[in-house]
file input34.pdb (PDB, C-alpha atoms)
ATOM      1  CA  MET A   1       0.000   0.000   0.000
ATOM      2  CA  LYS A   2       1.339   3.406  -0.979
ATOM      3  CA  PHE A   3       0.712   6.481   1.158
ATOM      4  CA  ALA A   4       1.056  10.198   0.412
ATOM      5  CA  VAL A   5       1.989  12.617   3.199
ATOM      6  CA  ILE A   6       0.753  16.005   2.023
ATOM      7  CA  VAL A   7       3.163  18.805   2.911
ATOM      8  CA  PHE A   8       1.945  22.390   3.221
ATOM      9  CA  PRO A   9       4.099  25.409   4.047
ATOM     10  CA  GLY A  10       4.070  25.213   7.864
ATOM     11  CA  SER A  11       3.414  21.469   8.214
ATOM     12  CA  ASN A  12       5.637  20.191  11.025
ATOM     13  CA  CYS A  13       4.474  16.623  11.718
ATOM     14  CA  ASP A  14       5.109  15.436   8.175
ATOM     15  CA  ILE A  15       8.416  13.783   9.100
ATOM     16  CA  ASP A  16       6.829  11.928  12.059
ATOM     17  CA  MET A  17       4.040  10.745   9.772
ATOM     18  CA  TYR A  18       6.523   9.550   7.146
ATOM     19  CA  HIS A  19       8.523   7.750   9.833
ATOM     20  CA  ALA A  20       5.403   6.044  11.216
ATOM     21  CA  ILE A  21       4.484   4.657   7.798
ATOM     22  CA  LYS A  22       7.948   3.755   6.569
ATOM     23  CA  ASP A  23       9.673   2.489   9.714
ATOM     24  CA  ALA A  24       6.921   1.460  12.130
ATOM     25  CA  LEU A  25       4.321   0.225   9.644
ATOM     26  CA  GLY A  26       6.702  -0.842   6.862
ATOM     27  CA  GLU A  27       4.655   0.447   3.936
ATOM     28  CA  GLU A  28       5.537   2.691   1.000
ATOM     29  CA  VAL A  29       5.248   6.440   1.567
ATOM     30  CA  GLU A  30       6.162   9.680  -0.209
ATOM     31  CA  TYR A  31       6.054  13.358   0.655
ATOM     32  CA  VAL A  32       3.729  15.243  -1.682
ATOM     33  CA  TRP A  33       3.949  19.038  -1.958
ATOM     34  CA  HIS A  34       0.667  20.998  -1.731
ATOM     35  CA  SER A  35       0.916  22.249  -5.314
ATOM     36  CA  THR A  36       0.548  18.717  -6.734
ATOM     37  CA  ASP A  37      -2.498  18.207  -8.894
ATOM     38  CA  ASN A  38      -2.524  14.438  -9.089
ATOM     39  CA  LEU A  39      -2.779  11.825  -6.319
ATOM     40  CA  ASP A  40      -3.885   8.906  -8.518
ATOM     41  CA  GLN A  41      -0.833   6.781  -7.705
ATOM     42  CA  TYR A  42      -1.509   6.784  -3.933
ATOM     43  CA  ASP A  43      -3.768   4.378  -2.046
ATOM     44  CA  GLY A  44      -4.000   6.402   1.150
ATOM     45  CA  ILE A  45      -3.760  10.134   1.860
ATOM     46  CA  LEU A  46      -2.321  11.549   5.110
ATOM     47  CA  LEU A  47      -2.663  15.201   6.127
ATOM     48  CA  PRO A  48      -0.141  15.842   8.907
ATOM     49  CA  GLY A  49      -0.217  18.298  11.796
ATOM     50  CA  GLY A  50       1.482  21.644  11.975
ATOM     51  CA  PHE A  51       0.579  25.233  11.270
ATOM     52  CA  SER A  52      -0.142  25.384   7.553
ATOM     53  CA  TYR A  53       0.148  28.971   6.316
ATOM     54  CA  GLY A  54       0.932  30.050   9.877
ATOM     55  CA  ASP A  55      -2.679  29.378  10.920
ATOM     56  CA  TYR A  56      -3.439  32.787   9.382
ATOM     57  CA  LEU A  57      -7.130  33.743   9.433
ATOM     58  CA  ARG A  58      -8.152  30.352  10.912
ATOM     59  CA  SER A  59      -6.389  26.990  11.218
ATOM     60  CA  GLY A  60      -6.621  25.254   7.857
ATOM     61  CA  ALA A  61      -8.560  28.067   6.153
ATOM     62  CA  ILE A  62      -5.873  28.873   3.586
ATOM     63  CA  ALA A  63      -4.514  25.350   3.067
ATOM     64  CA  ARG A  64      -8.018  24.260   2.158
ATOM     65  CA  PHE A  65      -7.731  26.224  -1.111
ATOM     66  CA  SER A  66      -4.356  24.798  -2.157
ATOM     67  CA  ASN A  67      -4.115  22.801  -5.390
ATOM     68  CA  VAL A  68      -3.808  19.418  -3.772
ATOM     69  CA  MET A  69      -7.098  19.740  -1.883
ATOM     70  CA  ALA A  70      -9.178  19.226  -5.035
ATOM     71  CA  GLU A  71      -7.298  15.941  -5.397
ATOM     72  CA  VAL A  72      -7.861  15.046  -1.745
ATOM     73  CA  VAL A  73     -11.605  15.572  -2.295
ATOM     74  CA  LYS A  74     -11.387  13.325  -5.365
ATOM     75  CA  ALA A  75      -9.547  10.623  -3.399
ATOM     76  CA  ALA A  76     -12.142  10.851  -0.616
ATOM     77  CA  GLN A  77     -14.973  10.477  -3.106
ATOM     78  CA  ALA A  78     -13.215   7.482  -4.647
ATOM     79  CA  GLY A  79     -13.293   5.805  -1.232
ATOM     80  CA  LYS A  80      -9.573   5.962  -0.514
ATOM     81  CA  PRO A  81      -8.636   6.263   3.156
ATOM     82  CA  VAL A  82      -7.922   9.902   4.076
ATOM     83  CA  LEU A  83      -6.532  10.645   7.550
ATOM     84  CA  GLY A  84      -6.120  14.201   8.850
ATOM     85  CA  VAL A  85      -4.299  14.634  12.159
ATOM     86  CA  CYS A  86      -4.453  17.857  14.178
ATOM     87  CA  ASN A  87      -3.942  20.618  11.577
ATOM     88  CA  GLY A  88      -4.871  17.972   9.000
ATOM     89  CA  PHE A  89      -8.213  17.544  10.809
ATOM     90  CA  GLN A  90      -8.692  21.325  10.808
ATOM     91  CA  ILE A  91      -8.039  21.418   7.045
ATOM     92  CA  LEU A  92     -10.580  18.613   6.450
ATOM     93  CA  LEU A  93     -13.173  20.610   8.440
ATOM     94  CA  GLU A  94     -12.468  23.794   6.494
ATOM     95  CA  ALA A  95     -12.660  21.849   3.228
ATOM     96  CA  GLY A  96     -16.078  20.515   4.213
ATOM     97  CA  LEU A  97     -14.953  16.874   3.990
ATOM     98  CA  LEU A  98     -15.928  16.596   7.655
ATOM     99  CA  PRO A  99     -18.688  18.536   9.438
ATOM    100  CA  GLY A 100     -18.199  21.108  12.206
ATOM    101  CA  ALA A 101     -15.417  23.508  13.162
ATOM    102  CA  MET A 102     -12.657  24.034  15.733
ATOM    103  CA  ARG A 103     -12.666  26.716  18.407
ATOM    104  CA  ARG A 104      -9.813  27.821  20.668
ATOM    105  CA  ASN A 105      -9.267  25.420  23.581
ATOM    106  CA  ASP A 106     -11.587  26.487  26.391
ATOM    107  CA  GLY A 107      -8.611  27.057  28.700
ATOM    108  CA  LEU A 108      -6.992  29.198  25.936
ATOM    109  CA  LYS A 109      -3.728  27.276  26.347
ATOM    110  CA  PHE A 110      -1.791  25.220  23.848
ATOM    111  CA  ILE A 111      -1.856  21.701  25.320
ATOM    112  CA  CYS A 112       0.920  19.206  24.588
ATOM    113  CA  ARG A 113       0.697  15.964  26.571
ATOM    114  CA  ASN A 114      -0.469  12.359  26.487
ATOM    115  CA  VAL A 115      -4.206  11.840  26.820
ATOM    116  CA  GLY A 116      -6.387   8.792  27.229
ATOM    117  CA  LEU A 117      -8.763   8.109  24.351
ATOM    118  CA  LYS A 118     -11.761   5.843  24.284
ATOM    119  CA  VAL A 119     -12.340   3.864  21.077
ATOM    120  CA  LYS A 120     -16.078   4.283  20.480
ATOM    121  CA  ASN A 121     -16.398   2.342  17.244
ATOM    122  CA  ASN A 122     -14.140  -0.461  16.003
ATOM    123  CA  GLN A 123     -16.095  -1.189  12.823
ATOM    124  CA  SER A 124     -14.355   1.608  10.914
ATOM    125  CA  MET A 125     -11.500   0.939   8.461
ATOM    126  CA  PHE A 126      -9.323   2.970  10.848
ATOM    127  CA  THR A 127     -10.117   1.134  14.085
ATOM    128  CA  THR A 128     -10.649  -2.585  13.428
ATOM    129  CA  GLY A 129      -7.441  -3.302  15.350
ATOM    130  CA  TYR A 130      -8.943  -1.998  18.602
ATOM    131  CA  GLU A 131     -11.591  -3.236  21.006
ATOM    132  CA  VAL A 132     -14.729  -1.157  21.576
ATOM    133  CA  ASP A 133     -14.353   1.025  24.695
ATOM    134  CA  GLU A 134     -10.639   0.206  24.816
ATOM    135  CA  THR A 135      -8.648   3.054  26.367
ATOM    136  CA  ILE A 136      -5.511   4.032  24.479
ATOM    137  CA  THR A 137      -2.799   6.630  25.123
ATOM    138  CA  ILE A 138      -1.898   9.096  22.374
ATOM    139  CA  PRO A 139      -0.437  12.611  22.659
ATOM    140  CA  ILE A 140      -2.279  15.801  21.760
ATOM    141  CA  ALA A 141      -0.551  19.061  20.803
ATOM    142  CA  HIS A 142      -2.915  21.851  19.858
ATOM    143  CA  GLY A 143      -4.342  25.248  20.740
ATOM    144  CA  GLU A 144      -7.533  24.858  18.721
ATOM    145  CA  GLY A 145      -9.020  21.435  19.260
ATOM    146  CA  ASN A 146     -12.308  22.468  20.828
ATOM    147  CA  TYR A 147     -14.643  20.697  18.391
ATOM    148  CA  TYR A 148     -18.033  22.214  17.689
ATOM    149  CA  CYS A 149     -20.991  21.297  15.500
ATOM    150  CA  ASP A 150     -24.725  22.035  15.624
ATOM    151  CA  ASN A 151     -27.152  19.673  17.373
ATOM    152  CA  GLU A 152     -28.436  18.190  14.142
ATOM    153  CA  THR A 153     -24.914  17.250  13.010
ATOM    154  CA  LEU A 154     -24.090  15.849  16.446
ATOM    155  CA  ALA A 155     -27.197  13.647  16.318
ATOM    156  CA  GLU A 156     -26.120  12.342  12.888
ATOM    157  CA  LEU A 157     -22.567  11.655  14.088
ATOM    158  CA  LYS A 158     -23.924   9.658  17.014
ATOM    159  CA  ARG A 159     -26.604   7.835  15.050
ATOM    160  CA  ASP A 160     -24.144   6.656  12.399
ATOM    161  CA  ASN A 161     -21.354   5.822  14.882
ATOM    162  CA  ARG A 162     -19.071   8.375  13.255
ATOM    163  CA  ILE A 163     -17.424   9.423  16.522
ATOM    164  CA  LEU A 164     -14.447   7.026  16.597
ATOM    165  CA  PHE A 165     -12.516   8.531  19.517
ATOM    166  CA  THR A 166     -13.472  10.544  22.585
ATOM    167  CA  TYR A 167     -11.244  11.919  25.341
ATOM    168  CA  ASP A 168     -11.332   9.587  28.332
ATOM    169  CA  GLY A 169     -12.012  11.254  31.672
ATOM    170  CA  GLU A 170     -11.185  14.946  31.846
ATOM    171  CA  ASN A 171     -11.980  16.985  28.732
ATOM    172  CA  PRO A 172      -8.678  18.669  27.775
ATOM    173  CA  ASN A 173      -9.989  21.366  25.432
ATOM    174  CA  GLY A 174     -13.754  21.791  25.888
ATOM    175  CA  SER A 175     -14.572  19.691  22.822
ATOM    176  CA  LEU A 176     -18.269  18.935  22.349
ATOM    177  CA  GLU A 177     -19.148  15.531  23.886
ATOM    178  CA  GLN A 178     -15.394  14.934  24.450
ATOM    179  CA  ILE A 179     -15.010  14.375  20.692
ATOM    180  CA  ALA A 180     -11.425  13.646  19.599
ATOM    181  CA  GLY A 181     -11.986  12.070  16.162
ATOM    182  CA  ILE A 182     -14.824  11.709  13.643
ATOM    183  CA  THR A 183     -15.355  10.244  10.184
ATOM    184  CA  ASN A 184     -17.360  11.337   7.159
ATOM    185  CA  GLU A 185     -20.592   9.623   6.164
ATOM    186  CA  GLN A 186     -18.844   7.066   3.940
ATOM    187  CA  GLY A 187     -16.408   6.262   6.743
ATOM    188  CA  ASN A 188     -13.221   6.671   4.692
ATOM    189  CA  VAL A 189     -12.212  10.147   5.923
ATOM    190  CA  LEU A 190     -11.024  10.397   9.533
ATOM    191  CA  GLY A 191     -10.076  13.610  11.304
ATOM    192  CA  MET A 192      -8.555  13.442  14.781
ATOM    193  CA  MET A 193      -6.762  15.907  17.051
ATOM    194  CA  PRO A 194      -4.489  13.363  18.834
ATOM    195  CA  HIS A 195      -1.298  12.343  17.034
ATOM    196  CA  PRO A 196      -1.177   8.580  16.334
ATOM    197  CA  GLU A 197       2.029   9.060  14.327
ATOM    198  CA  ARG A 198       3.734  10.121  17.583
ATOM    199  CA  ALA A 199       2.630   6.916  19.297
ATOM    200  CA  VAL A 200       4.158   4.118  17.235
ATOM    201  CA  ASP A 201       6.995   2.989  19.488
ATOM    202  CA  SER A 202       6.922   1.967  23.185
ATOM    203  CA  LEU A 203      10.413   3.414  23.597
ATOM    204  CA  LEU A 204       8.907   6.855  22.982
ATOM    205  CA  GLY A 205       6.032   6.416  25.420
ATOM    206  CA  SER A 206       3.276   4.615  23.546
ATOM    207  CA  LYS A 207       2.611   2.573  20.461
ATOM    208  CA  ASP A 208      -1.167   2.745  20.753
ATOM    209  CA  GLY A 209      -1.410   4.834  17.580
ATOM    210  CA  LEU A 210       0.133   2.202  15.338
ATOM    211  CA  LYS A 211      -3.086   0.164  15.155
ATOM    212  CA  ILE A 212      -4.804   2.967  13.251
ATOM    213  CA  PHE A 213      -2.283   2.614  10.430
ATOM    214  CA  GLN A 214      -2.315  -1.177  10.674
ATOM    215  CA  SER A 215      -6.115  -1.169  10.458
ATOM    216  CA  ILE A 216      -6.002   0.990   7.312
ATOM    217  CA  VAL A 217      -3.564  -1.422   5.643
ATOM    218  CA  LYS A 218      -5.430  -4.548   6.727
ATOM    219  CA  ASN A 219      -8.759  -3.261   5.420
ATOM    220  CA  TRP A 220      -7.210  -2.006   2.211
ATOM    221  CA  ARG A 221      -5.539  -5.401   1.592
ATOM    222  CA  GLU A 222      -8.792  -7.242   2.270
ATOM    223  CA  SER A 223     -10.721  -5.138  -0.219
ATOM    224  CA  HIS A 224      -7.971  -5.394  -2.837
ATOM    225  CA  VAL A 225      -7.391  -9.135  -2.716
ATOM    226  CA  ILE A 226      -7.450 -10.605  -6.190
ATOM    227  CA  THR A 227      -9.504 -13.775  -6.013
ATOM    228  CA  ALA A 228      -8.274 -16.129  -8.680
TER     229      ALA A 228
ATOM    230  CA  MET B   1     -12.722  52.105  -5.612
ATOM    231  CA  TYR B   2     -14.271  50.832  -2.417
ATOM    232  CA  LYS B   3     -13.123  50.220   1.104
ATOM    233  CA  VAL B   4     -14.948  47.296   2.667
ATOM    234  CA  LYS B   5     -14.714  46.756   6.417
ATOM    235  CA  VAL B   6     -15.554  43.218   7.499
ATOM    236  CA  TYR B   7     -16.304  42.369  11.146
ATOM    237  CA  ILE B   8     -16.221  38.719  12.207
ATOM    238  CA  THR B   9     -17.253  37.356  15.614
ATOM    239  CA  LEU B  10     -18.200  33.963  16.950
ATOM    240  CA  ARG B  11     -21.935  33.342  16.574
ATOM    241  CA  GLU B  12     -24.125  34.141  19.563
ATOM    242  CA  SER B  13     -24.771  30.434  20.153
ATOM    243  CA  VAL B  14     -21.053  29.620  20.302
ATOM    244  CA  LEU B  15     -19.172  30.125  23.560
ATOM    245  CA  ASP B  16     -16.261  32.531  23.108
ATOM    246  CA  PRO B  17     -13.488  31.416  25.513
ATOM    247  CA  GLN B  18     -11.339  34.470  24.732
ATOM    248  CA  GLY B  19     -14.264  36.827  25.319
ATOM    249  CA  ALA B  20     -15.045  35.075  28.615
ATOM    250  CA  ALA B  21     -11.432  35.481  29.798
ATOM    251  CA  VAL B  22     -11.402  39.172  28.828
ATOM    252  CA  GLN B  23     -14.720  39.721  30.620
ATOM    253  CA  GLN B  24     -13.373  38.091  33.766
ATOM    254  CA  SER B  25     -10.324  40.316  33.637
ATOM    255  CA  LEU B  26     -12.476  43.445  33.201
ATOM    256  CA  HIS B  27     -14.549  42.365  36.194
ATOM    257  CA  SER B  28     -11.419  41.911  38.297
ATOM    258  CA  MET B  29     -10.540  45.500  37.335
ATOM    259  CA  THR B  30     -13.942  46.458  38.864
ATOM    260  CA  TYR B  31     -15.696  47.102  35.524
ATOM    261  CA  ASN B  32     -18.604  45.002  36.715
ATOM    262  CA  GLU B  33     -20.988  46.720  34.318
ATOM    263  CA  VAL B  34     -19.581  44.617  31.458
ATOM    264  CA  SER B  35     -22.066  41.810  30.914
ATOM    265  CA  ASP B  36     -20.641  40.239  27.741
ATOM    266  CA  VAL B  37     -17.428  40.359  25.695
ATOM    267  CA  ARG B  38     -17.048  38.949  22.187
ATOM    268  CA  VAL B  39     -13.567  38.949  20.646
ATOM    269  CA  GLY B  40     -13.541  39.045  16.867
ATOM    270  CA  LYS B  41     -11.588  39.956  13.769
ATOM    271  CA  TYR B  42     -11.585  43.071  11.654
ATOM    272  CA  ILE B  43     -10.573  42.818   7.992
ATOM    273  CA  GLU B  44     -10.218  45.713   5.521
ATOM    274  CA  LEU B  45     -10.559  45.070   1.811
ATOM    275  CA  THR B  46      -9.757  47.610  -0.856
ATOM    276  CA  ILE B  47     -11.689  46.721  -3.977
ATOM    277  CA  GLU B  48     -11.219  48.216  -7.438
ATOM    278  CA  ASP B  49     -14.216  49.370  -9.474
ATOM    279  CA  THR B  50     -15.858  46.354 -11.037
ATOM    280  CA  ASP B  51     -18.841  45.404 -13.184
ATOM    281  CA  ARG B  52     -19.593  42.589 -10.793
ATOM    282  CA  ASP B  53     -22.107  43.041  -7.975
ATOM    283  CA  LEU B  54     -20.097  44.299  -5.001
ATOM    284  CA  ASP B  55     -22.417  42.934  -2.302
ATOM    285  CA  GLN B  56     -22.425  39.552  -3.935
ATOM    286  CA  LEU B  57     -18.612  39.561  -4.184
ATOM    287  CA  VAL B  58     -18.109  40.485  -0.544
ATOM    288  CA  LYS B  59     -20.656  37.915   0.635
ATOM    289  CA  GLU B  60     -18.937  35.212  -1.409
ATOM    290  CA  MET B  61     -15.524  36.141  -0.019
ATOM    291  CA  CYS B  62     -16.855  36.115   3.537
ATOM    292  CA  GLU B  63     -18.603  32.785   3.223
ATOM    293  CA  LYS B  64     -15.886  30.988   1.276
ATOM    294  CA  LEU B  65     -12.811  32.216   3.122
ATOM    295  CA  LEU B  66     -12.976  35.141   5.532
ATOM    296  CA  ALA B  67     -15.478  33.643   7.989
ATOM    297  CA  ASN B  68     -16.321  30.057   8.894
ATOM    298  CA  THR B  69     -20.102  30.254   9.089
ATOM    299  CA  VAL B  70     -20.299  27.073  11.179
ATOM    300  CA  ILE B  71     -19.102  29.095  14.174
ATOM    301  CA  GLU B  72     -18.713  32.690  12.978
ATOM    302  CA  ALA B  73     -21.037  35.526  12.000
ATOM    303  CA  TYR B  74     -19.929  38.428   9.796
ATOM    304  CA  ARG B  75     -21.139  41.866   8.813
ATOM    305  CA  TYR B  76     -19.545  44.524   6.663
ATOM    306  CA  ASP B  77     -19.685  48.198   5.722
ATOM    307  CA  VAL B  78     -18.891  49.530   2.265
ATOM    308  CA  GLU B  79     -17.378  52.962   1.768
ATOM    309  CA  GLU B  80     -16.839  54.444  -1.652
ATOM    310  CA  VAL B  81     -13.377  55.945  -2.015
ATOM    311  CA  ILE B  82     -13.281  58.936  -4.345
ATOM    312  CA  THR B  83      -9.954  59.107  -6.166
ATOM    313  CA  GLN B  84      -8.870  62.154  -8.118
TER     314      GLN B  84
END

call {"tool": "encode", "arguments": {"input": "input34.pdb", "output": "structure tokens"}}
result
Amino acid sequence: MKFAVIVFPGSNCDIDMYHAIKDALGEEVEYVWHSTDNLDQYDGILLPGGFSYGDYLRSGAIARFSNVMAEVVKAAQAGKPVLGVCNGFQILLEAGLLPGAMRRNDGLKFICRNVGLKVKNNQSMFTTGYEVDETITIPIAHGEGNYYCDNETLAELKRDNRILFTYDGENPNGSLEQIAGITNEQGNVLGMMPHPERAVDSLLGSKDGLKIFQSIVKNWRESHVITA
Amino acid sequence: MYKVKVYITLRESVLDPQGAAVQQSLHSMTYNEVSDVRVGKYIELTIEDTDRDLDQLVKEMCEKLLANTVIEAYRYDVEEVITQ
């Protein structure tokens, strides 16, 4: 399986993401600059964290209009797995690939620490490696991760089991219903504030994030098996 | 030529954590009369004369890029700039 790590001016978790795929997961991966207008050769699209375009105006607001985003929309519509982490999640929200928006953390502080996450749904292509209600440890690092959507959208997210991860215990940022990660209606676009790419090796604190990438690969392989 | 002044704030229904912190600070300075604070953004656009509908243009720019209407409300004033 071949992944693309999309790099915007101001991305700063692109190298971690590349490392997670290449070294921890052992799959093919390439950096792809935001001006690219073709992603056909990639099977999975990863939007890393950082501060694309300096977070000017709003997080993700400017990146959302870069060339590559039309291709990301195309990949999402084609059913390819698209994962946006942190700033990547914010870009997916701004692009309308996921519903809702991010507000400043309710404590106004940038928070950088490990948090506990609850896996709410393990039927998604991103979470089949986990147990339902399993608690995992993954770091967060953001100033604007306070998820918001209207009541109607929230009801849809709940009804269709599109909330994959919630913060376990204390709510770090004021996020609605402790939401940490959601998918689109088709289930192939995941946005999450915690950084699974920073949790792929026990030596560095946790490898609980690795199963997200392993789940993507497993599900992709299963749906691409050539039956002779 | 026109000068367009765009004001963006969080929608009434959305809690403004920055505004709440500023309000608390004003209260601690004994300005207890302050009952609400909303922190927003102010954007100035200078727009050349155009055949296109100005209101329509500004609305489009606000809704596509300048404001995120999921959480933000915007309003704007248009001033005509007379150049010699």

call {"tool": "residues_around", "arguments": {"input": "input34.pdb", "residues": "A:Pro99", "least_positions_apart": "3", "cutoff": "9 Å", "atoms": "all atoms listed in the file", "output": "compact mmCIF listing (two decimals) with C-alpha atoms, keeping the file's coordinate frame"}}
result
# COMPACT_ATOMS: atom_id res chain seq x y z
CA LEU A 92 -10.58 18.61 6.45
CA LEU A 93 -13.17 20.61 8.44
CA GLU A 94 -12.47 23.79 6.49
CA GLY A 96 -16.08 20.52 4.21
CA CYS A 149 -20.99 21.30 15.50
CA THR A 153 -24.91 17.25 13.01
CA ILE A 182 -14.82 11.71 13.64
CA THR A 183 -15.36 10.24 10.18
CA ASN A 184 -17.36 11.34 7.16
CA VAL B 70 -20.30 27.07 11.18

call {"tool": "resolve_selection", "arguments": {"input": "input34.pdb", "expression": "the PyMOL selection byres ((chain A and resi 140) around 6)", "output": "list in words"}}
result
Cys112, Arg113, Pro139, Ala141, Pro194 and His195 of chain A

call {"tool": "interface_residues", "arguments": {"input": "input34.pdb", "of": "chain B", "to": "chain A", "cutoff": "8 Å", "atoms": "only C-alpha atoms", "output": "PyMOL selection string"}}
result
chain B and resi 17-18+65-66+68+70-71

call {"tool": "resolve_selection", "arguments": {"input": "input34.pdb", "expression": "the PyMOL selection byres ((chain A and resi 24-40) around 8)", "output": "JSON, numbers by chain"}}
result
{"A": [1, 2, 3, 4, 5, 6, 7, 8, 14, 18, 19, 20, 21, 22, 23, 41, 42, 43, 66, 67, 68, 69, 70, 71, 72, 75, 200, 201, 210, 213, 214]}

call {"tool": "closest_residue", "arguments": {"input": "input34.pdb", "among": "A:Asn161, A:Asn87, A:Thr137, A:Thr166", "to": "A:Asp55", "atoms": "only C-alpha atoms"}}
result
A:Asn87

call {"tool": "residues_around", "arguments": {"input": "input34.pdb", "residues": "B:Ile43", "least_positions_apart": "5", "cutoff": "7 Å", "atoms": "only C-alpha atoms", "output": "PDB file with C-alpha atoms, in the coordinates of the input"}}
result
ATOM      1  CA  LYS B   5     -14.714  46.756   6.417  1.00  0.00           C
ATOM      2  CA  VAL B   6     -15.554  43.218   7.499  1.00  0.00           C
ATOM      3  CA  TYR B   7     -16.304  42.369  11.146  1.00  0.00           C
TER       4      TYR B   7
END

call {"tool": "decode", "arguments": {"input": "input34.pdb", "residues": "stretch 39-60 of chain B", "atoms": "N, CA and C atoms", "output": "PDB file, in the first residue's frame"}}
result
ATOM      1  N   VAL B  39     -14.792  38.577  21.350  1.00  0.00           N
ATOM      2  CA  VAL B  39     -13.567  38.949  20.646  1.00  0.00           C
ATOM      3  C   VAL B  39     -13.708  38.498  19.199  1.00  0.00           C
ATOM      4  N   GLY B  40     -13.389  39.400  18.281  1.00  0.00           N
ATOM      5  CA  GLY B  40     -13.541  39.045  16.867  1.00  0.00           C
ATOM      6  C   GLY B  40     -12.379  39.513  16.025  1.00  0.00           C
ATOM      7  N   LYS B  41     -12.623  39.530  14.719  1.00  0.00           N
ATOM      8  CA  LYS B  41     -11.588  39.956  13.769  1.00  0.00           C
ATOM      9  C   LYS B  41     -12.127  41.094  12.926  1.00  0.00           C
ATOM     10  N   TYR B  42     -11.219  41.950  12.509  1.00  0.00           N
ATOM     11  CA  TYR B  42     -11.585  43.071  11.654  1.00  0.00           C
ATOM     12  C   TYR B  42     -10.719  42.989  10.405  1.00  0.00           C
ATOM     13  N   ILE B  43     -11.323  42.958   9.242  1.00  0.00           N
ATOM     14  CA  ILE B  43     -10.573  42.818   7.992  1.00  0.00           C
ATOM     15  C   ILE B  43     -10.956  43.966   7.055  1.00  0.00           C
ATOM     16  N   GLU B  44      -9.948  44.632   6.489  1.00  0.00           N
ATOM     17  CA  GLU B  44     -10.218  45.713   5.521  1.00  0.00           C
ATOM     18  C   GLU B  44      -9.888  45.256   4.120  1.00  0.00           C
ATOM     19  N   LEU B  45     -10.811  45.422   3.214  1.00  0.00           N
ATOM     20  CA  LEU B  45     -10.559  45.070   1.811  1.00  0.00           C
ATOM     21  C   LEU B  45     -10.625  46.340   0.981  1.00  0.00           C
ATOM     22  N   THR B  46      -9.665  46.524   0.109  1.00  0.00           N
ATOM     23  CA  THR B  46      -9.757  47.610  -0.856  1.00  0.00           C
ATOM     24  C   THR B  46     -10.097  46.971  -2.191  1.00  0.00           C
ATOM     25  N   ILE B  47     -11.204  47.394  -2.771  1.00  0.00           N
ATOM     26  CA  ILE B  47     -11.689  46.721  -3.977  1.00  0.00           C
ATOM     27  C   ILE B  47     -11.793  47.726  -5.121  1.00  0.00           C
ATOM     28  N   GLU B  48     -11.193  47.352  -6.250  1.00  0.00           N
ATOM     29  CA  GLU B  48     -11.219  48.216  -7.438  1.00  0.00           C
ATOM     30  C   GLU B  48     -12.631  48.253  -8.020  1.00  0.00           C
ATOM     31  N   ASP B  49     -12.922  49.294  -8.790  1.00  0.00           N
ATOM     32  CA  ASP B  49     -14.216  49.370  -9.474  1.00  0.00           C
ATOM     33  C   ASP B  49     -14.406  48.124 -10.322  1.00  0.00           C
ATOM     34  N   THR B  50     -15.606  47.603 -10.308  1.00  0.00           N
ATOM     35  CA  THR B  50     -15.858  46.354 -11.037  1.00  0.00           C
ATOM     36  C   THR B  50     -17.282  46.341 -11.578  1.00  0.00           C
ATOM     37  N   ASP B  51     -17.487  45.551 -12.639  1.00  0.00           N
ATOM     38  CA  ASP B  51     -18.841  45.404 -13.184  1.00  0.00           C
ATOM     39  C   ASP B  51     -19.635  44.402 -12.362  1.00  0.00           C
ATOM     40  N   ARG B  52     -18.911  43.605 -11.576  1.00  0.00           N
ATOM     41  CA  ARG B  52     -19.593  42.589 -10.793  1.00  0.00           C
ATOM     42  C   ARG B  52     -20.300  43.222  -9.596  1.00  0.00           C
ATOM     43  N   ASP B  53     -21.319  42.533  -9.095  1.00  0.00           N
ATOM     44  CA  ASP B  53     -22.107  43.041  -7.975  1.00  0.00           C
ATOM     45  C   ASP B  53     -21.263  43.011  -6.692  1.00  0.00           C
ATOM     46  N   LEU B  54     -21.018  44.187  -6.131  1.00  0.00           N
ATOM     47  CA  LEU B  54     -20.097  44.299  -5.001  1.00  0.00           C
ATOM     48  C   LEU B  54     -20.577  43.505  -3.777  1.00  0.00           C
ATOM     49  N   ASP B  55     -21.874  43.649  -3.458  1.00  0.00           N
ATOM     50  CA  ASP B  55     -22.417  42.934  -2.302  1.00  0.00           C
ATOM     51  C   ASP B  55     -22.231  41.436  -2.448  1.00  0.00           C
ATOM     52  N   GLN B  56     -22.551  40.979  -3.643  1.00  0.00           N
ATOM     53  CA  GLN B  56     -22.425  39.552  -3.935  1.00  0.00           C
ATOM     54  C   GLN B  56     -20.972  39.096  -3.750  1.00  0.00           C
ATOM     55  N   LEU B  57     -20.034  39.901  -4.291  1.00  0.00           N
ATOM     56  CA  LEU B  57     -18.612  39.561  -4.184  1.00  0.00           C
ATOM     57  C   LEU B  57     -18.180  39.450  -2.732  1.00  0.00           C
ATOM     58  N   VAL B  58     -18.552  40.466  -1.941  1.00  0.00           N
ATOM     59  CA  VAL B  58     -18.109  40.485  -0.544  1.00  0.00           C
ATOM     60  C   VAL B  58     -18.721  39.314   0.220  1.00  0.00           C
ATOM     61  N   LYS B  59     -20.003  39.050  -0.035  1.00  0.00           N
ATOM     62  CA  LYS B  59     -20.656  37.915   0.635  1.00  0.00           C
ATOM     63  C   LYS B  59     -19.947  36.608   0.307  1.00  0.00           C
ATOM     64  N   GLU B  60     -19.636  36.434  -0.989  1.00  0.00           N
ATOM     65  CA  GLU B  60     -18.937  35.212  -1.409  1.00  0.00           C
ATOM     66  C   GLU B  60     -17.602  35.077  -0.696  1.00  0.00           C
TER      67      GLU B  60
END
